[in-house]
Every structure is written in structure tokens, then in C-alpha cells.
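Coordinates as given in my_file.txt (compact mmCIF, C-alpha atoms (C1' of nucleotides)):
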```txt
# COMPACT_ATOMS: atom_id res chain seq x y z
CA MET A 1 7.55 5.88 2.86
CA ALA A 2 5.47 2.90 1.94
CA ARG A 3 8.09 0.20 2.12
CA THR A 4 9.05 -1.26 5.43
CA PHE A 5 12.43 -2.74 4.75
CA CYS A 6 14.37 -1.16 7.55
CA GLU A 7 13.16 -0.55 11.07
CA ASP A 8 16.02 -1.77 13.10
CA GLU A 9 14.37 -4.47 14.21
CA GLY A 10 10.90 -5.65 15.04
CA MET A 11 12.43 -9.05 15.43
CA THR A 12 11.96 -8.82 19.17
CA PRO A 13 9.49 -11.71 19.07
CA GLN A 14 12.32 -14.10 18.38
CA ALA A 15 14.37 -12.64 21.16
CA THR A 16 11.57 -13.02 23.67
CA ALA A 17 10.48 -16.32 22.17
CA ALA A 18 10.93 -19.79 23.65
CA PRO A 19 7.32 -20.18 24.69
CA ARG A 20 7.26 -23.88 23.83
CA ASP A 21 9.54 -26.65 22.75
CA GLN A 22 12.87 -25.07 21.95
CA ARG A 23 14.21 -27.99 19.95
CA ALA A 24 16.75 -26.23 17.76
CA LYS A 25 14.18 -25.55 15.03
CA ALA A 26 15.66 -23.90 11.94
CA ARG A 27 17.53 -21.61 14.25
CA ASN A 28 20.95 -23.03 13.59
CA ALA A 29 23.79 -21.40 11.72
CA HIS A 30 22.22 -22.08 8.32
CA GLY A 31 18.79 -20.75 9.18
CA ASP A 32 20.31 -17.64 10.66
CA ALA A 33 22.50 -17.10 7.64
CA TRP A 34 19.49 -17.52 5.37
CA GLY A 35 17.49 -15.03 7.41
CA ALA A 36 20.30 -12.53 7.26
CA LEU A 37 20.61 -13.07 3.52
CA THR A 38 16.94 -12.42 2.83
CA ARG A 39 16.74 -9.40 5.08
CA THR A 40 19.91 -7.88 3.71
CA HIS A 41 18.78 -8.47 0.16
CA ALA A 42 15.42 -6.89 0.84
CA ALA A 43 17.01 -3.92 2.58
CA ILE A 44 19.36 -3.17 -0.29
CA VAL A 45 16.73 -3.67 -2.97
CA GLY A 46 14.47 -1.32 -1.09
CA ARG A 47 17.21 1.23 -0.76
CA LEU A 48 18.05 1.08 -4.45
CA GLN A 49 14.42 1.34 -5.51
CA GLU A 50 13.94 4.28 -3.23
CA ALA A 51 17.00 6.07 -4.56
CA LEU A 52 16.02 5.49 -8.19
CA ALA A 53 12.46 6.60 -7.61
CA ALA A 54 13.66 9.69 -5.75
CA ALA A 55 15.82 10.65 -8.74
CA ASP A 56 12.82 10.03 -11.00
CA PHE A 57 14.49 7.12 -12.75
CA PRO A 58 12.98 3.85 -13.96
CA PRO A 59 12.82 0.94 -11.54
CA LEU A 60 15.65 -1.38 -10.62
CA PRO A 61 14.88 -4.16 -13.14
CA TRP A 62 15.31 -1.67 -15.95
CA TYR A 63 18.72 -0.73 -14.64
CA GLU A 64 19.76 -4.34 -14.34
CA MET A 65 18.58 -5.01 -17.84
CA LEU A 66 20.44 -2.04 -19.31
CA ALA A 67 23.59 -2.79 -17.34
CA THR A 68 23.59 -6.42 -18.43
CA VAL A 69 23.04 -5.66 -22.08
CA ALA A 70 25.59 -2.88 -22.02
CA GLU A 71 28.30 -5.26 -20.89
CA ALA A 72 27.60 -7.78 -23.60
CA PRO A 73 29.62 -7.79 -26.82
CA GLU A 74 28.08 -5.42 -29.36
CA GLN A 75 25.65 -4.23 -26.70
CA ARG A 76 23.20 -6.98 -27.47
CA MET A 77 22.10 -10.26 -25.97
CA LYS A 78 19.93 -13.19 -26.93
CA MET A 79 16.64 -13.26 -25.12
CA GLY A 80 17.35 -16.59 -23.55
CA ASP A 81 20.76 -15.59 -22.23
CA LEU A 82 19.29 -12.40 -20.89
CA ALA A 83 16.55 -14.25 -19.02
CA GLU A 84 19.20 -16.46 -17.50
CA ALA A 85 21.43 -13.57 -16.52
CA LEU A 86 18.57 -11.65 -14.91
CA VAL A 87 17.18 -14.78 -13.29
CA ILE A 88 13.66 -14.38 -14.65
CA THR A 89 11.58 -16.57 -16.92
CA ARG A 90 11.58 -16.10 -20.67
CA GLY A 91 7.95 -15.09 -20.63
CA GLY A 92 8.65 -12.40 -18.08
CA LEU A 93 11.62 -11.22 -20.07
CA THR A 94 9.61 -10.83 -23.25
CA LYS A 95 7.33 -8.35 -21.56
CA LEU A 96 10.09 -6.57 -19.73
CA VAL A 97 11.93 -6.05 -23.00
CA ASP A 98 8.67 -4.88 -24.55
CA ARG A 99 8.50 -2.08 -22.01
CA LEU A 100 12.06 -0.99 -22.57
CA VAL A 101 11.55 -1.09 -26.32
CA LYS A 102 8.47 1.06 -26.02
CA ALA A 103 10.52 3.48 -23.95
CA GLY A 104 13.07 3.64 -26.75
CA LEU A 105 15.89 2.20 -24.63
CA LEU A 106 16.24 -1.12 -26.41
CA GLU A 107 15.42 -2.46 -29.81
CA ARG A 108 14.90 -5.96 -31.08
CA THR A 109 17.29 -7.20 -33.70
CA PHE A 110 17.36 -10.57 -35.35
CA CYS A 111 19.84 -13.26 -36.12
CA GLU A 112 20.36 -14.12 -39.75
CA THR A 113 21.79 -17.56 -39.22
CA ASP A 114 19.10 -18.70 -36.80
CA ARG A 115 15.77 -17.07 -37.33
CA ARG A 116 14.41 -18.27 -34.01
CA VAL A 117 16.66 -16.07 -31.96
CA SER A 118 16.14 -12.39 -31.40
CA TYR A 119 18.44 -10.01 -29.64
CA ALA A 120 17.74 -7.21 -27.22
CA THR A 121 20.03 -4.46 -28.42
CA LEU A 122 20.94 -1.32 -26.54
CA CYS A 123 19.86 1.96 -28.16
CA PRO A 124 21.79 5.20 -27.69
CA ALA A 125 19.01 6.46 -25.43
CA GLY A 126 19.39 3.32 -23.34
CA ARG A 127 23.11 3.80 -23.04
CA ASP A 128 22.65 7.41 -22.03
CA LEU A 129 20.08 6.57 -19.42
CA LEU A 130 22.28 3.83 -18.05
CA GLU A 131 25.14 6.25 -17.59
CA GLU A 132 22.81 8.59 -15.75
CA MET A 133 21.50 5.87 -13.48
CA ARG A 134 24.77 4.14 -12.76
CA PRO A 135 26.19 6.65 -10.28
CA VAL A 136 22.98 6.59 -8.27
CA VAL A 137 23.12 2.82 -7.94
CA VAL A 138 26.85 2.74 -7.31
CA ALA A 139 26.53 5.35 -4.60
CA GLU A 140 23.85 3.36 -2.81
CA LEU A 141 25.87 0.18 -3.00
CA LYS A 142 28.87 2.02 -1.70
CA VAL A 143 26.91 3.12 1.34
CA ALA A 144 25.58 -0.36 1.93
CA PHE A 145 28.80 -2.28 1.45
CA ALA A 146 31.73 0.03 1.83
CA SER A 147 30.71 1.92 4.94
CA ARG A 148 31.15 -1.03 7.27
CA LEU A 149 33.18 -3.46 5.18
CA SER A 150 36.75 -3.31 4.06
CA THR A 151 37.47 -4.17 0.47
CA ALA A 152 38.90 -7.47 1.59
CA GLU A 153 35.78 -8.26 3.58
CA ALA A 154 33.56 -7.40 0.63
CA ASP A 155 35.62 -9.66 -1.53
CA ALA A 156 35.43 -12.47 1.01
CA LEU A 157 31.69 -11.98 1.19
CA ARG A 158 31.42 -12.27 -2.56
CA GLU A 159 33.50 -15.42 -2.57
CA THR A 160 31.49 -17.05 0.20
CA LEU A 161 28.17 -16.17 -1.42
CA GLU A 162 29.39 -17.53 -4.71
CA ARG A 163 30.25 -20.79 -3.03
CA VAL A 164 26.78 -20.97 -1.49
CA ARG A 165 25.21 -20.26 -4.86
CA VAL A 166 27.11 -23.10 -6.44
CA SER A 167 25.91 -25.41 -3.69
CA ALA A 168 22.34 -24.28 -4.23
CA CYS A 169 22.61 -24.90 -7.94
CA GLY A 170 24.67 -28.02 -8.22
CA GLY A 171 22.50 -29.97 -5.80
CA GLN A 172 25.36 -30.55 -3.42
CA MET B 1 11.90 -27.01 -14.73
CA ALA B 2 10.67 -23.58 -15.66
CA ARG B 3 12.88 -21.47 -13.50
CA THR B 4 16.34 -20.63 -14.67
CA PHE B 5 18.16 -19.89 -11.48
CA CYS B 6 21.06 -22.21 -11.94
CA GLU B 7 22.97 -22.91 -15.15
CA ASP B 8 26.52 -22.61 -14.04
CA GLU B 9 26.91 -19.83 -15.74
CA GLY B 10 25.66 -18.03 -18.80
CA MET B 11 27.60 -15.07 -17.56
CA THR B 12 30.09 -15.56 -20.33
CA PRO B 13 29.14 -12.22 -21.90
CA GLN B 14 30.73 -10.42 -18.99
CA ALA B 15 33.80 -12.57 -19.22
CA THR B 16 34.24 -11.80 -22.88
CA ALA B 17 33.21 -8.20 -22.36
CA ALA B 18 35.41 -5.12 -22.43
CA PRO B 19 34.27 -3.96 -25.83
CA ARG B 20 34.45 -0.30 -24.87
CA ASP B 21 35.66 1.97 -22.13
CA GLN B 22 36.61 -0.26 -19.24
CA ARG B 23 36.53 2.47 -16.63
CA ALA B 24 35.92 0.36 -13.54
CA LYS B 25 32.14 0.71 -13.93
CA ALA B 26 30.21 -0.91 -11.09
CA ARG B 27 32.62 -3.81 -11.35
CA ASN B 28 34.44 -3.17 -8.14
CA ALA B 29 34.27 -5.18 -4.94
CA HIS B 30 30.88 -3.75 -3.98
CA GLY B 31 29.24 -4.35 -7.31
CA ASP B 32 30.55 -7.88 -7.39
CA ALA B 33 29.37 -8.55 -3.87
CA TRP B 34 25.95 -7.18 -4.77
CA GLY B 35 25.78 -9.35 -7.85
CA ALA B 36 26.73 -12.41 -5.85
CA LEU B 37 24.14 -11.52 -3.23
CA THR B 38 21.30 -11.24 -5.73
CA ARG B 39 22.24 -14.36 -7.62
CA THR B 40 22.68 -16.41 -4.47
CA HIS B 41 19.40 -15.16 -3.09
CA ALA B 42 17.59 -16.01 -6.30
CA ALA B 43 19.19 -19.43 -6.46
CA ILE B 44 18.18 -20.37 -2.94
CA VAL B 45 14.67 -18.99 -3.27
CA GLY B 46 14.29 -20.96 -6.46
CA ARG B 47 15.55 -24.08 -4.82
CA LEU B 48 13.22 -23.73 -1.87
CA GLN B 49 10.20 -23.02 -4.06
CA GLU B 50 11.02 -26.01 -6.17
CA ALA B 51 11.38 -28.30 -3.20
CA LEU B 52 8.12 -27.12 -1.63
CA ALA B 53 6.22 -27.45 -4.89
CA ALA B 54 7.66 -30.90 -5.46
CA ALA B 55 6.39 -31.99 -2.05
CA ASP B 56 3.03 -30.43 -2.89
CA PHE B 57 3.31 -27.84 -0.16
CA PRO B 58 2.23 -24.19 -0.19
CA PRO B 59 4.67 -21.61 -1.49
CA LEU B 60 7.59 -20.11 0.39
CA PRO B 61 5.82 -16.98 1.67
CA TRP B 62 3.33 -19.19 3.48
CA TYR B 63 6.13 -21.04 5.18
CA GLU B 64 7.82 -17.84 6.21
CA MET B 65 4.56 -16.52 7.57
CA LEU B 66 3.85 -19.66 9.58
CA ALA B 67 7.41 -19.88 10.85
CA THR B 68 7.41 -16.26 11.95
CA VAL B 69 4.09 -16.45 13.74
CA ALA B 70 5.01 -19.75 15.35
CA GLU B 71 8.03 -18.21 17.01
CA ALA B 72 6.13 -15.29 18.44
CA PRO B 73 4.83 -15.39 22.01
CA GLU B 74 1.42 -17.02 22.16
CA GLN B 75 1.76 -17.91 18.47
CA ARG B 76 0.32 -14.60 17.40
CA MET B 77 1.61 -11.33 15.97
CA LYS B 78 0.25 -7.89 15.23
CA MET B 79 -0.32 -7.28 11.55
CA GLY B 80 2.11 -4.40 11.47
CA ASP B 81 4.90 -6.31 13.16
CA LEU B 82 4.34 -9.21 10.83
CA ALA B 83 4.59 -7.02 7.75
CA GLU B 84 7.84 -5.65 9.09
CA ALA B 85 9.26 -9.08 9.89
CA LEU B 86 8.38 -10.45 6.47
CA VAL B 87 9.54 -7.29 4.71
CA ILE B 88 6.34 -6.74 2.76
CA THR B 89 3.86 -3.89 2.73
CA ARG B 90 0.91 -3.86 5.09
CA GLY B 91 -1.53 -4.05 2.23
CA GLY B 92 0.22 -7.09 0.88
CA LEU B 93 0.19 -8.68 4.29
CA THR B 94 -3.54 -8.20 4.71
CA LYS B 95 -4.20 -10.26 1.62
CA LEU B 96 -1.56 -12.84 2.39
CA VAL B 97 -3.11 -13.39 5.80
CA ASP B 98 -6.51 -13.57 4.12
CA ARG B 99 -5.32 -16.51 2.07
CA LEU B 100 -3.87 -18.36 5.04
CA VAL B 101 -7.05 -17.71 7.01
CA LYS B 102 -9.14 -19.09 4.20
CA ALA B 103 -6.90 -22.15 4.21
CA GLY B 104 -7.55 -22.60 7.91
CA LEU B 105 -3.92 -22.09 8.91
CA LEU B 106 -4.31 -18.76 10.69
CA GLU B 107 -7.12 -16.89 12.35
CA ARG B 108 -7.59 -13.25 13.13
CA THR B 109 -7.90 -12.28 16.74
CA PHE B 110 -8.35 -8.85 18.18
CA CYS B 111 -6.88 -6.72 20.89
CA GLU B 112 -9.17 -5.64 23.67
CA THR B 113 -7.13 -2.70 24.84
CA ASP B 114 -6.59 -1.21 21.37
CA ARG B 115 -9.37 -1.96 18.94
CA ARG B 116 -7.32 -0.85 15.96
CA VAL B 117 -4.93 -3.76 16.17
CA SER B 118 -5.64 -7.27 14.99
CA TYR B 119 -3.46 -10.30 15.38
CA ALA B 120 -2.66 -13.13 13.03
CA THR B 121 -2.85 -16.20 15.25
CA LEU B 122 -1.60 -19.66 14.41
CA CYS B 123 -4.25 -22.40 14.21
CA PRO B 124 -3.49 -26.03 15.04
CA ALA B 125 -3.68 -26.84 11.34
CA GLY B 126 -1.12 -24.13 10.68
CA ARG B 127 1.19 -25.49 13.31
CA ASP B 128 0.87 -29.00 11.92
CA LEU B 129 1.55 -27.88 8.39
CA LEU B 130 4.55 -25.89 9.53
CA GLU B 131 6.04 -28.94 11.19
CA GLU B 132 5.56 -30.87 7.98
CA MET B 133 7.15 -28.18 5.87
CA ARG B 134 10.03 -27.34 8.14
CA PRO B 135 12.21 -30.39 7.42
CA VAL B 136 11.89 -29.78 3.69
CA VAL B 137 13.10 -26.22 4.02
CA VAL B 138 15.80 -27.05 6.53
CA ALA B 139 17.11 -29.80 4.29
CA GLU B 140 17.38 -27.45 1.34
CA LEU B 141 19.14 -24.82 3.41
CA LYS B 142 21.49 -27.45 4.71
CA VAL B 143 22.46 -28.40 1.19
CA ALA B 144 22.92 -24.78 0.18
CA PHE B 145 24.87 -23.62 3.21
CA ALA B 146 26.37 -26.59 4.99
CA SER B 147 27.74 -28.51 2.05
CA ARG B 148 30.49 -26.03 1.29
CA LEU B 149 30.61 -23.90 4.41
CA SER B 150 31.80 -24.73 7.87
CA THR B 151 29.62 -23.67 10.76
CA ALA B 152 32.10 -20.94 11.54
CA GLU B 153 31.98 -19.68 7.97
CA ALA B 154 28.19 -19.68 7.98
CA ASP B 155 28.24 -17.70 11.17
CA ALA B 156 30.76 -15.25 9.77
CA LEU B 157 28.58 -14.87 6.69
CA ARG B 158 25.58 -14.11 8.84
CA GLU B 159 27.51 -11.54 10.81
CA THR B 160 28.86 -9.82 7.71
CA LEU B 161 25.46 -9.72 6.05
CA GLU B 162 23.91 -8.32 9.19
CA ARG B 163 26.47 -5.55 9.16
CA VAL B 164 25.66 -4.75 5.55
CA ARG B 165 21.98 -4.70 6.34
CA VAL B 166 22.51 -2.21 9.12
CA SER B 167 24.47 -0.01 6.73
CA ALA B 168 21.69 -0.23 4.17
CA CYS B 169 19.10 0.75 6.73
CA GLY B 170 20.81 3.32 8.86
CA GLY B 171 21.75 5.49 5.91
CA GLN B 172 25.45 5.12 6.57
C1' DC C 1 -14.25 18.29 26.39
C1' DG C 2 -13.33 18.52 21.39
C1' DC C 3 -10.91 18.33 17.47
C1' DA C 4 -6.55 17.62 14.76
C1' DA C 5 -2.88 14.44 14.01
C1' DA C 6 -1.11 9.98 14.26
C1' DT C 7 -1.59 5.06 14.01
C1' DA C 8 -3.54 0.34 12.38
C1' DG C 9 -5.54 -2.11 9.09
C1' DT C 10 -8.31 -2.89 4.83
C1' DT C 11 -9.78 -2.16 0.07
C1' DG C 12 -9.39 -1.14 -4.97
C1' DT C 13 -6.48 -0.48 -8.85
C1' DT C 14 -2.65 -1.46 -11.43
C1' DA C 15 1.49 -3.68 -12.85
C1' DC C 16 4.51 -7.36 -12.96
C1' DA C 17 6.13 -12.41 -12.76
C1' DG C 18 5.45 -17.33 -13.44
C1' DA C 19 3.28 -21.48 -15.77
C1' DA C 20 1.56 -23.51 -19.50
C1' DA C 21 0.13 -23.55 -24.14
C1' DC C 22 1.45 -22.07 -28.60
C1' DA C 23 4.09 -20.92 -32.98
C1' DA C 24 8.12 -20.84 -35.56
C1' DT C 25 12.53 -22.59 -36.66
C1' DC C 26 16.33 -25.69 -36.57
C1' DG C 27 18.73 -30.22 -36.66
C1' DT C 28 19.05 -34.70 -37.59
C1' DA C 29 17.79 -39.69 -38.29
C1' DG C 30 15.84 -42.56 -41.40
C1' DC D 1 14.26 -34.98 -48.37
C1' DT D 2 10.92 -35.57 -45.04
C1' DA D 3 9.36 -36.14 -40.51
C1' DC D 4 9.97 -35.80 -35.72
C1' DG D 5 11.94 -33.84 -31.65
C1' DA D 6 14.39 -30.00 -29.55
C1' DT D 7 15.08 -25.15 -29.05
C1' DT D 8 13.66 -20.21 -29.02
C1' DG D 9 10.57 -16.81 -28.24
C1' DT D 10 5.77 -15.08 -27.60
C1' DT D 11 1.11 -15.13 -25.81
C1' DT D 12 -2.59 -16.03 -22.44
C1' DC D 13 -4.10 -16.74 -17.96
C1' DT D 14 -3.70 -16.43 -13.16
C1' DG D 15 -1.86 -15.08 -8.80
C1' DT D 16 0.58 -11.87 -6.07
C1' DA D 17 2.57 -7.48 -4.55
C1' DA D 18 2.91 -2.44 -4.56
C1' DC D 19 0.71 1.92 -4.23
C1' DA D 20 -2.67 4.96 -2.85
C1' DA D 21 -6.99 6.09 -0.90
C1' DC D 22 -9.99 5.03 2.68
C1' DT D 23 -12.12 3.76 7.48
C1' DA D 24 -11.65 3.22 12.23
C1' DT D 25 -9.46 4.01 16.48
C1' DT D 26 -6.40 6.23 19.57
C1' DT D 27 -3.55 9.98 21.23
C1' DG D 28 -2.31 14.61 22.28
C1' DC D 29 -3.11 19.29 22.99
C1' DG D 30 -5.59 23.65 23.26
```

What is this file in C-alpha cells?
Amino acid sequence: MARTFCEDEGMTPQATAAPRDQRAKARNAHGDAWGALTRTHAAIVGRLQEALAAADFPPLPWYEMLATVAEAPEQRMKMGDLAEALVITRGGLTKLVDRLVKAGLLERTFCETDRRVSYATLCPAGRDLLEEMRPVVVAELKVAFASRLSTAEADALRETLERVRVSACGGQ
Amino acid sequence: MARTFCEDEGMTPQATAAPRDQRAKARNAHGDAWGALTRTHAAIVGRLQEALAAADFPPLPWYEMLATVAEAPEQRMKMGDLAEALVITRGGLTKLVDRLVKAGLLERTFCETDRRVSYATLCPAGRDLLEEMRPVVVAELKVAFASRLSTAEADALRETLERVRVSACGGQ
DNA sequence: CGCAAATAGTTGTTACAGAAACAATCGTAG
DNA sequence: CTACGATTGTTTCTGTAACAACTATTTGCG
């Protein structure tokens, strides 16, 4: 295993810390919540990548791409919308789509009314692969979330995170 | 602004979705919580990067490195522990430390009792820079977390996330 | 003691993501 | 109807991270 996203918990330095001025620092409720958020995110991403690689599937960004396009009407999305949904830049998306197109999972289609826009459209092979990958991802998420969280807690978590995201976007 | 981590919310495709079989998919409480987690994480990272860049400071990984080392006893950490704390690979850490060393923020020191291990040790310049950067980061986190969350809610969020992280690591 | 296995860190290769510059198209004001 | 600005997507360049192979040191065991 190359990744080091688990290891329950080398964070001992913090615990033993306090060698100097202990003036609150970022170690208030927000800093702690942010630390937990990053570590949890990294842990789950690592787990998903590991599971996909173990099943000899493409990496996580491919799954997210396929899943996003698959949920769109007509199984296609504008490049710009897709970049926004996946939270990557347009330049990065262009190349990511290139790879999936080369793999035969997506194809580029074009808009007749606005010849600037191009769509990433799901191919049958892409849909098939998605359906193969989905249970692997869902199973991993189930382990991560469901094993120690009730449905209500998971829902509350989602709601709280969504509120934080809005704060982070809106400015305040 | 190049990044696209806000835009309240191009997710309309999902809302209008349901063009085919609507068999639950990953769209249960776990999938939603995972989606919220990734989006919130991306939004905050984007916000922090933007704020640091705007103040003409080094990128977020440098801050996290400095902050982590600064909290360790004697302001130094073993390379391996640091990689674990920052959730990156050891190879990646070597080069990240290289950059900070070249910038005069860290220095490498060595262990006398075990000549395999080397430490990343905070330099005065690193400590100074950290203290300059800290308020920027703390302010952004405050906006993200404090503006719509009570302290109790932030703490509950941290606790819940920590539980999820343990699930993701432990296996179940 | 001596050698195999484990551990710690570095190095080289490759792939991916962001920023900025670019090209093409659209919309609209004059 | 033309010209300018805005939007959409691609391309180029650069920096960073992962992965794997490698070196060096320590540990354990016959």
C-alpha cells in the first residue's frame, strides 16, 4: 500500500504539543472541524481509489464523470456545466474528457443552435462501465458512512455540510 | 477568477433528471452526504487558495506543512510522520520539503540514534511566515464555518466527521 | 557474527490539474 | 450590418503528486 491515508493516528504531536505559547491558535472549533473535514475527505477518497484499483477499474474521476453525465437529461452535458459540477477547470475537463473519449466511454456531440458549445455524451460502453463500477463505490460509501451513522445522522451531516458550503461560496 | 468552486448551483441537471430508471442509484443518504462532503471540501480549499494567493502568500500545502511542524515538539517532525499527518505520499513529501527548504522556511536535521531518519525542522523565517499566514486562513475558516454554524454545531460536525473517518480507515 | 527482512527516505518517470493565452462563435449597440 | 465585447472550449506551459525502483540503515534471527 503506497497511500498513507489511514493510520489511526500519527497526530500524537498535537496531543503532546504545547511547547510554546498556547494562544488558541487555529485550534478552535472551526480549525478542528476543518481538520476533520480534510482528513475524512482524504480517507474516503483513498478508500474509493483503492477499491476501484483493486477491482481493476478506472480511477475515481472517471467514475464521477460518468455518474454525472449519466444523470443529466439525454445523458449529455455541456463542457462548462460539467466542469462546474466536477469542480475542475475547463482546461482540465477538456483533457479528462479526451481520455474518456479515447477509451470509448464518452463521445463529443455538438449543439446546432450554438456552435461554440460541445457536449460530452455518454456512450453505451460508458453506461455499462458505470453500472459495473457503481456497486463498488456504493459499497465503500456504505462502509464509510452507514457503519457508524444512522440515516438521520447522515442526513444531518449532509445538511450541515451544505450550509458550510454555501457560506464558503457566498462570502458570508 | 479561474476556479469554479462556487456558482450556487449548476446542479440543475440532477434536479431535472430522472430520464430513465430511477432505482435509488447512489442517491441515498450516504451518496448525498458524500457529494456534500466533496463539494464543501472543494469550496473551502478553493476559498483558502484564493485568499492566500490574493495576499501573495505561498499555497495552501505550504501553510499546512508549516502549521503541522510548528505544533510538533521542538518544531520538528520525522519525514514519515509528516507525510502521514499531511496525508500525502512520502515521495511527495520529500519534494515538498525540498521546496520549503529552498525557500528558507524549513531545514533538514538528522537523528543521531537512527541515521535513517531525518527531520523537517522549522526555521525562524518559517515561523514568521506562518504567523503572517495564519490570520488569513483563520479568517477564511471563520467565514466558512462560523457564519452559519454555532460552536456546538461545528463541534458536532467535527465529531461526526471523525467517526466517518474512523469507519473509512478501520474497514468497518 | 552474518545475512535476510524491515524500515526510512530519496530519486526518476509519468500523469494530471491549473493558469494563461488563444481561437471560434455569439450577441448586441451603434 | 458591422464592430466590439462576452462566452465557450481548446491548447500550451508549468508545477505538483503518485508510483515504483533504489539506497542506506537498522533490526531480528539462525

For the contact check between chain B and chain C, emit one row per residue of chain B within 8 Å, containing the shortest atom pair and the distance in Å rounded to one decimal, counting all atoms listed in the file, chain then rising number order, as a tab-separated table.
```
residue	atom	partner	partner_atom	distance
B:Ala2	CA	C:DA19	C1'	7.7
B:Met79	CA	C:DG9	C1'	7.7
B:Gly80	CA	C:DA8	C1'	7.4
B:Arg90	CA	C:DG9	C1'	7.8
B:Gly91	CA	C:DT10	C1'	7.4
B:Thr94	CA	C:DT10	C1'	7.1
B:Arg116	CA	C:DA8	C1'	5.3
B:Val117	CA	C:DA8	C1'	5.8
B:Ser118	CA	C:DG9	C1'	7.8
```

Exercise for review: Please report as a PyMOL selection string which residues of chain D come no farther than 10 Å from chain A, using all atoms listed in the file.
Suggested key: chain D and resi 7-11+18-20

Practice item. Considering all atoms listed in the file, state which residue in the set A:Glu132, A:Glu50, A:Asp56, A:Glu84 is at the smallest distance from chain B. Key: A:Glu84

Point to revise | Counting all atoms listed in the file, the residue of A:Pro124, A:Ala53, A:Pro58, A:Leu86 that sits nearest chain B | key: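 Ranking A:Pro124, A:Ala53, A:Pro58, A:Leu86 by distance to chain B, first place goes to A:Leu86.
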
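For the pair CA of Gly126 in chain A and CA of Ala36 in chain B, the separation is 24.6 Å.
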
**Study point:** Nearest residue to chain A from the set B:Ala103, B:Leu48, B:Leu37, B:Met133 (distances using only C-alpha atoms)
**Key:**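 Counting only C-alpha atoms, the residue closest to chain A is B:Leu37.
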
**Study point:** Atom-to-atom span, CA of Glu131 in chain B and CA of Cys169 in chain A, Å
**Key:** 25.6 Å
